[in-house]
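Student: Input structure: upload16.txt, which contains compact mmCIF, C-alpha atoms and all ligand atoms.
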```txt
# COMPACT_ATOMS: atom_id res chain seq x y z
CA MET L 456 -88.31 51.25 -164.12
CA VAL L 457 -91.33 52.97 -165.58
CA ALA L 458 -91.05 56.77 -165.68
CA LEU L 459 -93.49 58.70 -163.55
CA LEU L 460 -94.58 60.88 -166.44
CA GLU L 461 -93.87 60.44 -170.09
CA THR L 462 -95.06 62.14 -173.25
CA ARG L 463 -94.42 60.70 -176.68
CA ASN L 464 -94.57 62.75 -179.86
CA LEU L 465 -97.15 65.07 -178.42
CA VAL L 466 -98.66 67.37 -181.02
CA LYS L 467 -101.19 70.15 -180.48
CA ARG L 468 -102.50 72.06 -183.46
CA PHE L 469 -104.64 75.15 -183.33
CA GLY L 470 -105.96 75.34 -186.87
CA GLY L 471 -102.83 75.29 -189.01
CA PHE L 472 -100.60 76.43 -186.15
CA VAL L 473 -98.55 73.81 -184.31
CA ALA L 474 -98.21 74.81 -180.63
CA THR L 475 -96.41 71.63 -179.52
CA ASN L 476 -94.52 69.70 -182.12
CA ASN L 477 -93.63 66.08 -181.33
CA VAL L 478 -92.81 66.76 -177.72
CA SER L 479 -91.35 63.72 -175.96
CA ILE L 480 -90.28 64.17 -172.37
CA THR L 481 -89.63 61.68 -169.60
CA ILE L 482 -89.78 62.71 -165.96
CA GLU L 483 -88.60 60.32 -163.28
CA ARG L 484 -90.32 59.83 -159.95
CA GLY L 485 -89.18 62.42 -157.44
CA GLU L 486 -87.66 64.70 -160.05
CA ILE L 487 -88.16 68.47 -160.08
CA ARG L 488 -88.09 69.30 -163.80
CA GLY L 489 -87.88 72.84 -165.09
CA LEU L 490 -89.49 73.91 -168.35
CA ILE L 491 -88.24 77.10 -169.96
CA GLY L 492 -88.54 78.80 -173.32
CA PRO L 493 -89.48 82.16 -174.77
CA ASN L 494 -93.10 83.32 -174.77
CA GLY L 495 -95.19 81.35 -177.23
CA ALA L 496 -92.87 78.32 -177.06
CA GLY L 497 -95.76 76.04 -176.11
CA LYS L 498 -95.01 75.57 -172.41
CA THR L 499 -98.52 76.29 -171.17
CA THR L 500 -99.98 74.18 -173.97
CA LEU L 501 -97.79 71.27 -172.88
CA ALA L 502 -98.92 71.74 -169.26
CA ASN L 503 -102.53 71.73 -170.48
CA LEU L 504 -102.09 68.58 -172.54
CA ILE L 505 -100.40 66.69 -169.72
CA THR L 506 -103.16 67.52 -167.26
CA GLY L 507 -106.04 66.92 -169.65
CA VAL L 508 -107.11 70.54 -169.91
CA GLN L 509 -106.63 70.30 -173.68
CA MET L 510 -106.75 67.23 -175.91
CA PRO L 511 -103.63 66.45 -177.94
CA SER L 512 -103.95 66.33 -181.74
CA ALA L 513 -101.57 63.37 -181.68
CA GLY L 514 -99.21 61.57 -179.35
CA GLU L 515 -99.34 59.91 -175.98
CA ILE L 516 -99.16 60.79 -172.30
CA ARG L 517 -98.46 58.17 -169.67
CA LEU L 518 -98.52 58.41 -165.89
CA GLU L 519 -96.66 55.47 -164.35
CA GLY L 520 -96.95 53.72 -167.68
CA GLN L 521 -100.71 54.18 -167.90
CA SER L 522 -102.16 56.11 -170.80
CA LEU L 523 -104.17 59.20 -169.87
CA ALA L 524 -105.92 59.36 -173.23
CA SER L 525 -109.47 60.70 -173.09
CA LEU L 526 -109.48 61.24 -169.32
CA GLU L 527 -110.97 64.44 -167.96
CA PRO L 528 -108.81 66.80 -165.87
CA HIS L 529 -110.56 65.82 -162.63
CA GLU L 530 -109.98 62.13 -163.39
CA ILE L 531 -106.32 62.85 -164.06
CA ALA L 532 -106.12 64.85 -160.83
CA ARG L 533 -107.54 61.87 -158.95
CA LYS L 534 -104.73 59.80 -160.38
CA GLY L 535 -102.36 62.24 -158.73
CA LEU L 536 -101.40 64.51 -161.62
CA LEU L 537 -102.58 68.08 -161.48
CA ARG L 538 -101.71 71.61 -162.38
CA THR L 539 -102.16 74.70 -160.30
CA PHE L 540 -105.29 76.27 -161.54
CA GLN L 541 -107.40 73.11 -161.53
CA VAL L 542 -107.47 73.06 -157.79
CA CYS L 543 -106.38 76.56 -157.01
CA ARG L 544 -109.67 78.29 -157.52
CA LEU L 545 -109.92 79.96 -154.18
CA PHE L 546 -113.26 80.78 -152.68
CA GLY L 547 -112.97 84.32 -151.40
CA ASN L 548 -115.71 84.09 -148.81
CA LEU L 549 -114.47 80.82 -147.35
CA THR L 550 -111.74 80.77 -144.71
CA LEU L 551 -108.19 79.73 -145.49
CA LEU L 552 -108.77 76.52 -143.59
CA ASP L 553 -111.89 75.65 -145.60
CA ASN L 554 -110.15 76.48 -148.88
CA LEU L 555 -107.47 73.95 -147.94
CA LEU L 556 -109.98 71.33 -146.84
CA LEU L 557 -112.01 71.47 -150.07
CA PRO L 558 -109.50 69.82 -152.43
CA TYR L 559 -108.68 67.29 -149.73
CA LEU L 560 -112.32 66.26 -149.33
CA ALA L 561 -112.90 66.30 -153.08
CA CYS L 562 -110.03 63.90 -153.75
CA ALA L 563 -109.69 61.83 -150.56
CA ASP L 564 -110.76 58.26 -151.28
CA LYS L 565 -113.67 57.51 -149.00
CA ALA L 566 -112.47 59.90 -146.32
CA GLY L 567 -113.54 57.26 -143.82
CA ARG L 568 -112.97 57.21 -140.10
CA HIS L 569 -109.83 59.29 -139.93
CA GLY L 570 -110.47 61.29 -143.08
CA ASN L 571 -111.59 64.63 -141.81
CA ALA L 572 -109.22 64.70 -138.86
CA GLU L 573 -106.32 63.92 -141.16
CA GLY L 574 -107.38 66.65 -143.57
CA LEU L 575 -107.56 69.16 -140.76
CA GLU L 576 -104.14 68.14 -139.54
CA ARG L 577 -102.69 68.55 -143.02
CA ALA L 578 -104.33 71.93 -143.50
CA GLN L 579 -102.97 73.18 -140.20
CA ALA L 580 -99.51 71.93 -141.08
CA PHE L 581 -99.57 73.88 -144.36
CA LEU L 582 -100.81 77.01 -142.61
CA ALA L 583 -97.90 76.69 -140.19
CA LEU L 584 -95.37 76.00 -142.96
CA THR L 585 -96.51 79.08 -144.85
CA LYS L 586 -96.85 81.24 -141.70
CA LEU L 587 -100.54 81.79 -142.35
CA THR L 588 -101.79 80.17 -139.15
CA ARG L 589 -103.02 83.42 -137.63
CA LEU L 590 -105.21 83.91 -140.72
CA ALA L 591 -106.70 80.39 -140.64
CA ASP L 592 -110.21 81.67 -140.00
CA ALA L 593 -109.99 84.78 -142.19
CA PRO L 594 -111.73 84.76 -145.57
CA ALA L 595 -109.36 84.10 -148.49
CA LYS L 596 -110.34 87.41 -150.06
CA SER L 597 -108.53 89.21 -147.24
CA LEU L 598 -105.16 87.83 -148.43
CA SER L 599 -102.61 89.72 -150.49
CA GLY L 600 -102.03 88.52 -154.06
CA GLY L 601 -98.85 86.75 -153.02
CA GLN L 602 -100.46 85.04 -150.04
CA ARG L 603 -103.27 83.92 -152.32
CA ALA L 604 -100.77 82.36 -154.72
CA LEU L 605 -99.16 80.57 -151.79
CA LEU L 606 -102.50 79.25 -150.57
CA GLN L 607 -103.33 78.08 -154.08
CA VAL L 608 -100.14 76.05 -154.31
CA CYS L 609 -100.94 74.56 -150.88
CA CYS L 610 -104.41 73.54 -152.04
CA GLY L 611 -102.79 71.18 -154.56
CA PHE L 612 -100.56 69.71 -151.88
CA MET L 613 -103.67 68.90 -149.85
CA ILE L 614 -104.61 66.17 -152.31
CA PRO L 615 -103.70 62.90 -150.59
CA GLY L 616 -102.67 60.94 -153.69
CA LEU L 617 -100.68 63.74 -155.30
CA LYS L 618 -97.83 62.36 -157.41
CA CYS L 619 -96.95 65.05 -159.91
CA TYR L 620 -97.63 68.76 -159.63
CA VAL L 621 -97.41 70.97 -162.71
CA LEU L 622 -96.81 74.60 -161.81
CA ASP L 623 -97.12 77.12 -164.63
CA GLU L 624 -95.20 80.29 -163.73
CA PRO L 625 -95.87 80.07 -160.00
CA PHE L 626 -93.42 82.88 -159.23
CA ALA L 627 -94.61 85.48 -161.72
CA GLY L 628 -95.34 88.76 -159.96
CA ILE L 629 -94.65 87.27 -156.52
CA ASN L 630 -92.55 89.15 -153.94
CA PRO L 631 -89.24 87.61 -152.82
CA VAL L 632 -90.49 86.54 -149.37
CA ILE L 633 -93.48 84.61 -150.73
CA LYS L 634 -91.32 83.30 -153.55
CA ASP L 635 -89.00 81.77 -150.95
CA SER L 636 -92.00 80.27 -149.16
CA ILE L 637 -93.20 78.61 -152.38
CA ILE L 638 -89.69 77.30 -153.08
CA ASP L 639 -89.40 75.92 -149.54
CA LEU L 640 -92.80 74.30 -149.88
CA ILE L 641 -91.85 72.61 -153.16
CA LEU L 642 -88.60 71.29 -151.69
CA HIS L 643 -90.38 70.15 -148.53
CA GLU L 644 -93.06 68.20 -150.43
CA ASN L 645 -90.43 66.77 -152.77
CA ARG L 646 -88.27 65.53 -149.90
CA THR L 647 -90.94 64.36 -147.49
CA ARG L 648 -93.53 62.94 -149.91
CA GLY L 649 -91.44 62.34 -152.99
CA ILE L 650 -93.71 64.53 -155.10
CA THR L 651 -92.56 65.05 -158.68
CA PHE L 652 -92.75 68.50 -160.25
CA LEU L 653 -92.85 70.09 -163.66
CA ILE L 654 -92.25 73.79 -163.17
CA VAL L 655 -92.56 76.44 -165.86
CA SER L 656 -90.66 79.59 -164.97
CA HIS L 657 -88.52 82.31 -166.47
CA GLU L 658 -86.64 82.81 -163.23
CA MET L 659 -83.28 81.20 -163.77
CA SER L 660 -82.07 81.69 -160.19
CA VAL L 661 -85.11 79.79 -158.92
CA MET L 662 -84.74 77.11 -161.57
CA ARG L 663 -81.11 76.66 -160.54
CA ARG L 664 -82.16 76.14 -156.91
CA LEU L 665 -84.97 73.73 -157.66
CA CYS L 666 -84.27 71.71 -160.78
CA GLN L 667 -81.75 69.03 -161.57
CA LYS L 668 -82.73 69.06 -165.20
CA ILE L 669 -84.26 71.67 -167.49
CA THR L 670 -86.22 71.13 -170.68
CA VAL L 671 -86.04 73.96 -173.20
CA MET L 672 -88.83 74.53 -175.71
CA ILE L 673 -88.65 76.86 -178.69
CA GLU L 674 -91.49 77.24 -181.17
CA GLY L 675 -93.25 74.10 -180.02
CA ARG L 676 -90.24 71.82 -180.00
CA VAL L 677 -87.96 70.52 -177.28
CA VAL L 678 -84.53 71.78 -178.32
CA ALA L 679 -82.44 70.96 -175.26
CA GLU L 680 -82.51 69.08 -172.00
CA GLY L 681 -80.00 68.95 -169.16
CA PRO L 682 -78.60 70.91 -166.23
CA LEU L 683 -79.36 74.64 -166.42
CA GLU L 684 -75.72 75.65 -166.96
CA GLU L 685 -75.50 73.32 -169.93
CA VAL L 686 -78.71 74.29 -171.71
CA ALA L 687 -78.26 78.01 -170.99
CA ALA L 688 -74.88 77.94 -172.73
CA ARG L 689 -76.34 76.70 -176.01
CA ASP L 690 -76.31 79.15 -178.89
CA ASP L 691 -79.85 78.34 -180.08
CA VAL L 692 -81.24 78.89 -176.58
CA ILE L 693 -79.38 82.18 -176.12
CA THR L 694 -80.49 83.37 -179.56
CA ALA L 695 -84.13 82.45 -178.91
CA TYR L 696 -84.17 84.34 -175.61
CA LEU L 697 -82.30 87.38 -176.88
CA GLY L 698 -84.37 87.45 -180.04
CA LYS L 699 -87.55 87.67 -177.99
CA ALA L 700 -86.10 90.09 -175.49
CA MET L 701 -85.15 92.52 -178.21
CA ALA L 702 -88.26 92.05 -180.31
P1 LIG W 801 -96.00 79.66 -173.65
O1 LIG W 801 -96.72 79.20 -172.45
O2 LIG W 801 -94.70 78.95 -173.88
O3 LIG W 801 -95.79 81.14 -173.67
P2 LIG W 801 -98.36 78.81 -175.07
O4 LIG W 801 -98.41 77.35 -174.90
O5 LIG W 801 -99.27 79.61 -174.23
O6 LIG W 801 -96.86 79.33 -174.95
O7 LIG W 801 -98.67 79.17 -176.57
C1 LIG W 801 -97.96 78.59 -177.66
C2 LIG W 801 -98.52 79.12 -178.92
O8 LIG W 801 -99.81 78.56 -179.16
C3 LIG W 801 -98.68 80.64 -178.95
O9 LIG W 801 -98.30 81.12 -180.22
C4 LIG W 801 -100.15 80.83 -178.71
O10 LIG W 801 -100.60 81.99 -179.36
C5 LIG W 801 -100.75 79.59 -179.35
N1 LIG W 801 -101.99 79.18 -178.67
C6 LIG W 801 -102.11 78.80 -177.39
N2 LIG W 801 -103.37 78.50 -177.08
C7 LIG W 801 -104.09 78.70 -178.22
C8 LIG W 801 -105.48 78.55 -178.56
N3 LIG W 801 -106.38 78.12 -177.64
N4 LIG W 801 -105.84 78.85 -179.82
C9 LIG W 801 -104.95 79.27 -180.72
N5 LIG W 801 -103.62 79.42 -180.47
C10 LIG W 801 -103.20 79.15 -179.23
MG MG W 802 -97.37 80.19 -170.72
```
The structure given in the file should be rewritten as structure tokens.
Ligand code: ADP
Ligand code: MG

Tutor:
Amino acid sequence: MVALLETRNLVKRFGGFVATNNVSITIERGEIRGLIGPNGAGKTTLANLITGVQMPSAGEIRLEGQSLASLEPHEIARKGLLRTFQVCRLFGNLTLLDNLLLPYLACADKAGRHGNAEGLERAQAFLALTKLTRLADAPAKSLSGGQRALLQVCCGFMIPGLKCYVLDEPFAGINPVIKDSIIDLILHENRTRGITFLIVSHEMSVMRRLCQKITVMIEGRVVAEGPLEEVAARDDVITAYLGKAMA
């Protein structure tokens, strides 16, 4: 079977600096993949390349076997592959409900007869799931930072054809209650809609809960892949993390 998402020998150079160095990863449909590595490892760059935010210097990216070369981020998003910030720009003066409806309307194929009603139903379901229903008509700017992060993640889930969601450090600076809500949301969308995830995070306890398989990057290269316990036990991974922590 064709992998949902595949990169082959992906290279990104910034001048003479190589941020991703021949990165080849394969993510199966329905997988929740973790991506870890010390700061500067190239994780965000990889997320940017995959979602078309930056152009690779070399290499290939395929979604369901189809090359994404030279597509714009919004075209890639319409194919069902997106990362948080592309759709997560909240509009502070709009209500929570309207913020949720926007990405739905932007990406729904010919919303058609049932379009808007379905969007509304989805939005209300997400508000209920995230316990934000009572704030449905409040402006987004009235939310706490954590609630905003939660709403942003939900905005991506509003896209009808979503297949793969790339989340770059979605838990950074988020309180434990909201963190649990985001985790529950990810698991819910994975189980009910079969959505595939690539999640960048430093939080090992969260990665253990969410991910079957972890990819480890160090200095632009993939150095390990496997269950968290396995990759975390590797000497090069431990050294890379400790080296950075003590630097
Ligand atoms: P991570 O997300 O793993 O912390 P990044 O992908 O953000 O790492 O960055 C990898 C490396 O590439 C870093 O050394 C960073 O300074 C460099 N880098 C990232 N973006 C750019 C850019 N636009 N121009 C120059 N260097 C960059
Ligand atoms: Mg980063």

Student: Can you pull out the residues contacting region 569-580 of chain L? Cut-off 12 Å, using only C-alpha atoms, and skip same-chain residues under 4 positions away; I want them as a ChimeraX atom specification.

Tutor: /L:550-565,584-592,606,609-615,640,643-644

Student: Next, the residues of the selection above should be written as a PDB file, keeping the file's coordinate frame with C-alpha atoms.

Tutor:
```pdb
ATOM      1  CA  THR L 550    -111.740  80.770-144.710  1.00  0.00           C
ATOM      2  CA  LEU L 551    -108.190  79.730-145.490  1.00  0.00           C
ATOM      3  CA  LEU L 552    -108.770  76.520-143.590  1.00  0.00           C
ATOM      4  CA  ASP L 553    -111.890  75.650-145.600  1.00  0.00           C
ATOM      5  CA  ASN L 554    -110.150  76.480-148.880  1.00  0.00           C
ATOM      6  CA  LEU L 555    -107.470  73.950-147.940  1.00  0.00           C
ATOM      7  CA  LEU L 556    -109.980  71.330-146.840  1.00  0.00           C
ATOM      8  CA  LEU L 557    -112.010  71.470-150.070  1.00  0.00           C
ATOM      9  CA  PRO L 558    -109.500  69.820-152.430  1.00  0.00           C
ATOM     10  CA  TYR L 559    -108.680  67.290-149.730  1.00  0.00           C
ATOM     11  CA  LEU L 560    -112.320  66.260-149.330  1.00  0.00           C
ATOM     12  CA  ALA L 561    -112.900  66.300-153.080  1.00  0.00           C
ATOM     13  CA  CYS L 562    -110.030  63.900-153.750  1.00  0.00           C
ATOM     14  CA  ALA L 563    -109.690  61.830-150.560  1.00  0.00           C
ATOM     15  CA  ASP L 564    -110.760  58.260-151.280  1.00  0.00           C
ATOM     16  CA  LYS L 565    -113.670  57.510-149.000  1.00  0.00           C
ATOM     17  CA  LEU L 584     -95.370  76.000-142.960  1.00  0.00           C
ATOM     18  CA  THR L 585     -96.510  79.080-144.850  1.00  0.00           C
ATOM     19  CA  LYS L 586     -96.850  81.240-141.700  1.00  0.00           C
ATOM     20  CA  LEU L 587    -100.540  81.790-142.350  1.00  0.00           C
ATOM     21  CA  THR L 588    -101.790  80.170-139.150  1.00  0.00           C
ATOM     22  CA  ARG L 589    -103.020  83.420-137.630  1.00  0.00           C
ATOM     23  CA  LEU L 590    -105.210  83.910-140.720  1.00  0.00           C
ATOM     24  CA  ALA L 591    -106.700  80.390-140.640  1.00  0.00           C
ATOM     25  CA  ASP L 592    -110.210  81.670-140.000  1.00  0.00           C
ATOM     26  CA  LEU L 606    -102.500  79.250-150.570  1.00  0.00           C
ATOM     27  CA  CYS L 609    -100.940  74.560-150.880  1.00  0.00           C
ATOM     28  CA  CYS L 610    -104.410  73.540-152.040  1.00  0.00           C
ATOM     29  CA  GLY L 611    -102.790  71.180-154.560  1.00  0.00           C
ATOM     30  CA  PHE L 612    -100.560  69.710-151.880  1.00  0.00           C
ATOM     31  CA  MET L 613    -103.670  68.900-149.850  1.00  0.00           C
ATOM     32  CA  ILE L 614    -104.610  66.170-152.310  1.00  0.00           C
ATOM     33  CA  PRO L 615    -103.700  62.900-150.590  1.00  0.00           C
ATOM     34  CA  LEU L 640     -92.800  74.300-149.880  1.00  0.00           C
ATOM     35  CA  HIS L 643     -90.380  70.150-148.530  1.00  0.00           C
ATOM     36  CA  GLU L 644     -93.060  68.200-150.430  1.00  0.00           C
TER      37      GLU L 644
END
```

Student: With distances taken over all atoms listed in the file, which residue among L:Pro493, L:Glu658, L:Asp639, L:Thr539 lies nearest Thr694 (chain L)?

Tutor: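 Answer, going by the shortest atom-to-atom distance: L:Pro493.
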
Student: Excluding region 499-506 of chain L and any residue of its chain fewer than 4 positions from it, enumerate the residues within 10 Å of it, using only C-alpha atoms, and give them as JSON, numbers by chain.

Tutor: {"L": [460, 461, 462, 465, 466, 467, 474, 475, 476, 478, 490, 494, 495, 510, 511, 512, 515, 516, 517, 518, 523, 524, 526, 527, 528, 529, 530, 531, 532, 536, 537, 538, 539, 541, 619, 620, 621, 622, 623, 624, 653, 654, 655, 672, 675]}

Student: Grab the residues selected above and save them as a PDB file, in the coordinates of the input with C-alpha atoms.

Tutor:
```pdb
ATOM      1  CA  LEU L 460     -94.580  60.880-166.440  1.00  0.00           C
ATOM      2  CA  GLU L 461     -93.870  60.440-170.090  1.00  0.00           C
ATOM      3  CA  THR L 462     -95.060  62.140-173.250  1.00  0.00           C
ATOM      4  CA  LEU L 465     -97.150  65.070-178.420  1.00  0.00           C
ATOM      5  CA  VAL L 466     -98.660  67.370-181.020  1.00  0.00           C
ATOM      6  CA  LYS L 467    -101.190  70.150-180.480  1.00  0.00           C
ATOM      7  CA  ALA L 474     -98.210  74.810-180.630  1.00  0.00           C
ATOM      8  CA  THR L 475     -96.410  71.630-179.520  1.00  0.00           C
ATOM      9  CA  ASN L 476     -94.520  69.700-182.120  1.00  0.00           C
ATOM     10  CA  VAL L 478     -92.810  66.760-177.720  1.00  0.00           C
ATOM     11  CA  LEU L 490     -89.490  73.910-168.350  1.00  0.00           C
ATOM     12  CA  ASN L 494     -93.100  83.320-174.770  1.00  0.00           C
ATOM     13  CA  GLY L 495     -95.190  81.350-177.230  1.00  0.00           C
ATOM     14  CA  MET L 510    -106.750  67.230-175.910  1.00  0.00           C
ATOM     15  CA  PRO L 511    -103.630  66.450-177.940  1.00  0.00           C
ATOM     16  CA  SER L 512    -103.950  66.330-181.740  1.00  0.00           C
ATOM     17  CA  GLU L 515     -99.340  59.910-175.980  1.00  0.00           C
ATOM     18  CA  ILE L 516     -99.160  60.790-172.300  1.00  0.00           C
ATOM     19  CA  ARG L 517     -98.460  58.170-169.670  1.00  0.00           C
ATOM     20  CA  LEU L 518     -98.520  58.410-165.890  1.00  0.00           C
ATOM     21  CA  LEU L 523    -104.170  59.200-169.870  1.00  0.00           C
ATOM     22  CA  ALA L 524    -105.920  59.360-173.230  1.00  0.00           C
ATOM     23  CA  LEU L 526    -109.480  61.240-169.320  1.00  0.00           C
ATOM     24  CA  GLU L 527    -110.970  64.440-167.960  1.00  0.00           C
ATOM     25  CA  PRO L 528    -108.810  66.800-165.870  1.00  0.00           C
ATOM     26  CA  HIS L 529    -110.560  65.820-162.630  1.00  0.00           C
ATOM     27  CA  GLU L 530    -109.980  62.130-163.390  1.00  0.00           C
ATOM     28  CA  ILE L 531    -106.320  62.850-164.060  1.00  0.00           C
ATOM     29  CA  ALA L 532    -106.120  64.850-160.830  1.00  0.00           C
ATOM     30  CA  LEU L 536    -101.400  64.510-161.620  1.00  0.00           C
ATOM     31  CA  LEU L 537    -102.580  68.080-161.480  1.00  0.00           C
ATOM     32  CA  ARG L 538    -101.710  71.610-162.380  1.00  0.00           C
ATOM     33  CA  THR L 539    -102.160  74.700-160.300  1.00  0.00           C
ATOM     34  CA  GLN L 541    -107.400  73.110-161.530  1.00  0.00           C
ATOM     35  CA  CYS L 619     -96.950  65.050-159.910  1.00  0.00           C
ATOM     36  CA  TYR L 620     -97.630  68.760-159.630  1.00  0.00           C
ATOM     37  CA  VAL L 621     -97.410  70.970-162.710  1.00  0.00           C
ATOM     38  CA  LEU L 622     -96.810  74.600-161.810  1.00  0.00           C
ATOM     39  CA  ASP L 623     -97.120  77.120-164.630  1.00  0.00           C
ATOM     40  CA  GLU L 624     -95.200  80.290-163.730  1.00  0.00           C
ATOM     41  CA  LEU L 653     -92.850  70.090-163.660  1.00  0.00           C
ATOM     42  CA  ILE L 654     -92.250  73.790-163.170  1.00  0.00           C
ATOM     43  CA  VAL L 655     -92.560  76.440-165.860  1.00  0.00           C
ATOM     44  CA  MET L 672     -88.830  74.530-175.710  1.00  0.00           C
ATOM     45  CA  GLY L 675     -93.250  74.100-180.020  1.00  0.00           C
TER      46      GLY L 675
END
```

Student: So what do you get for atom O4 of ligand LIG 801 (chain W) versus CA of Glu674 (chain L), distance-wise?

Tutor: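 Taking atom O4 of ligand LIG 801 (chain W) as the start and CA of Glu674 (chain L) as the end point, the length is 9.3 Å.
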
Student: Would you please work out which residue, of L:Ala604, L:Val686, L:Val671, L:Ala513, is nearest to ligand LIG 801 (chain W) when using all atoms listed in the file?

Tutor: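 Of L:Ala604, L:Val686, L:Val671, L:Ala513, the one nearest ligand LIG 801 (chain W) is L:Val671, counting all atoms listed in the file.
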
Student: Using all atoms listed in the file for the distances, tell me which of L:Gly485, L:Gly649, L:Pro625, L:Gly601 is nearest to ligand MG 802 (chain W).

Tutor: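 Closest to ligand MG 802 (chain W) of all the choices is L:Pro625.
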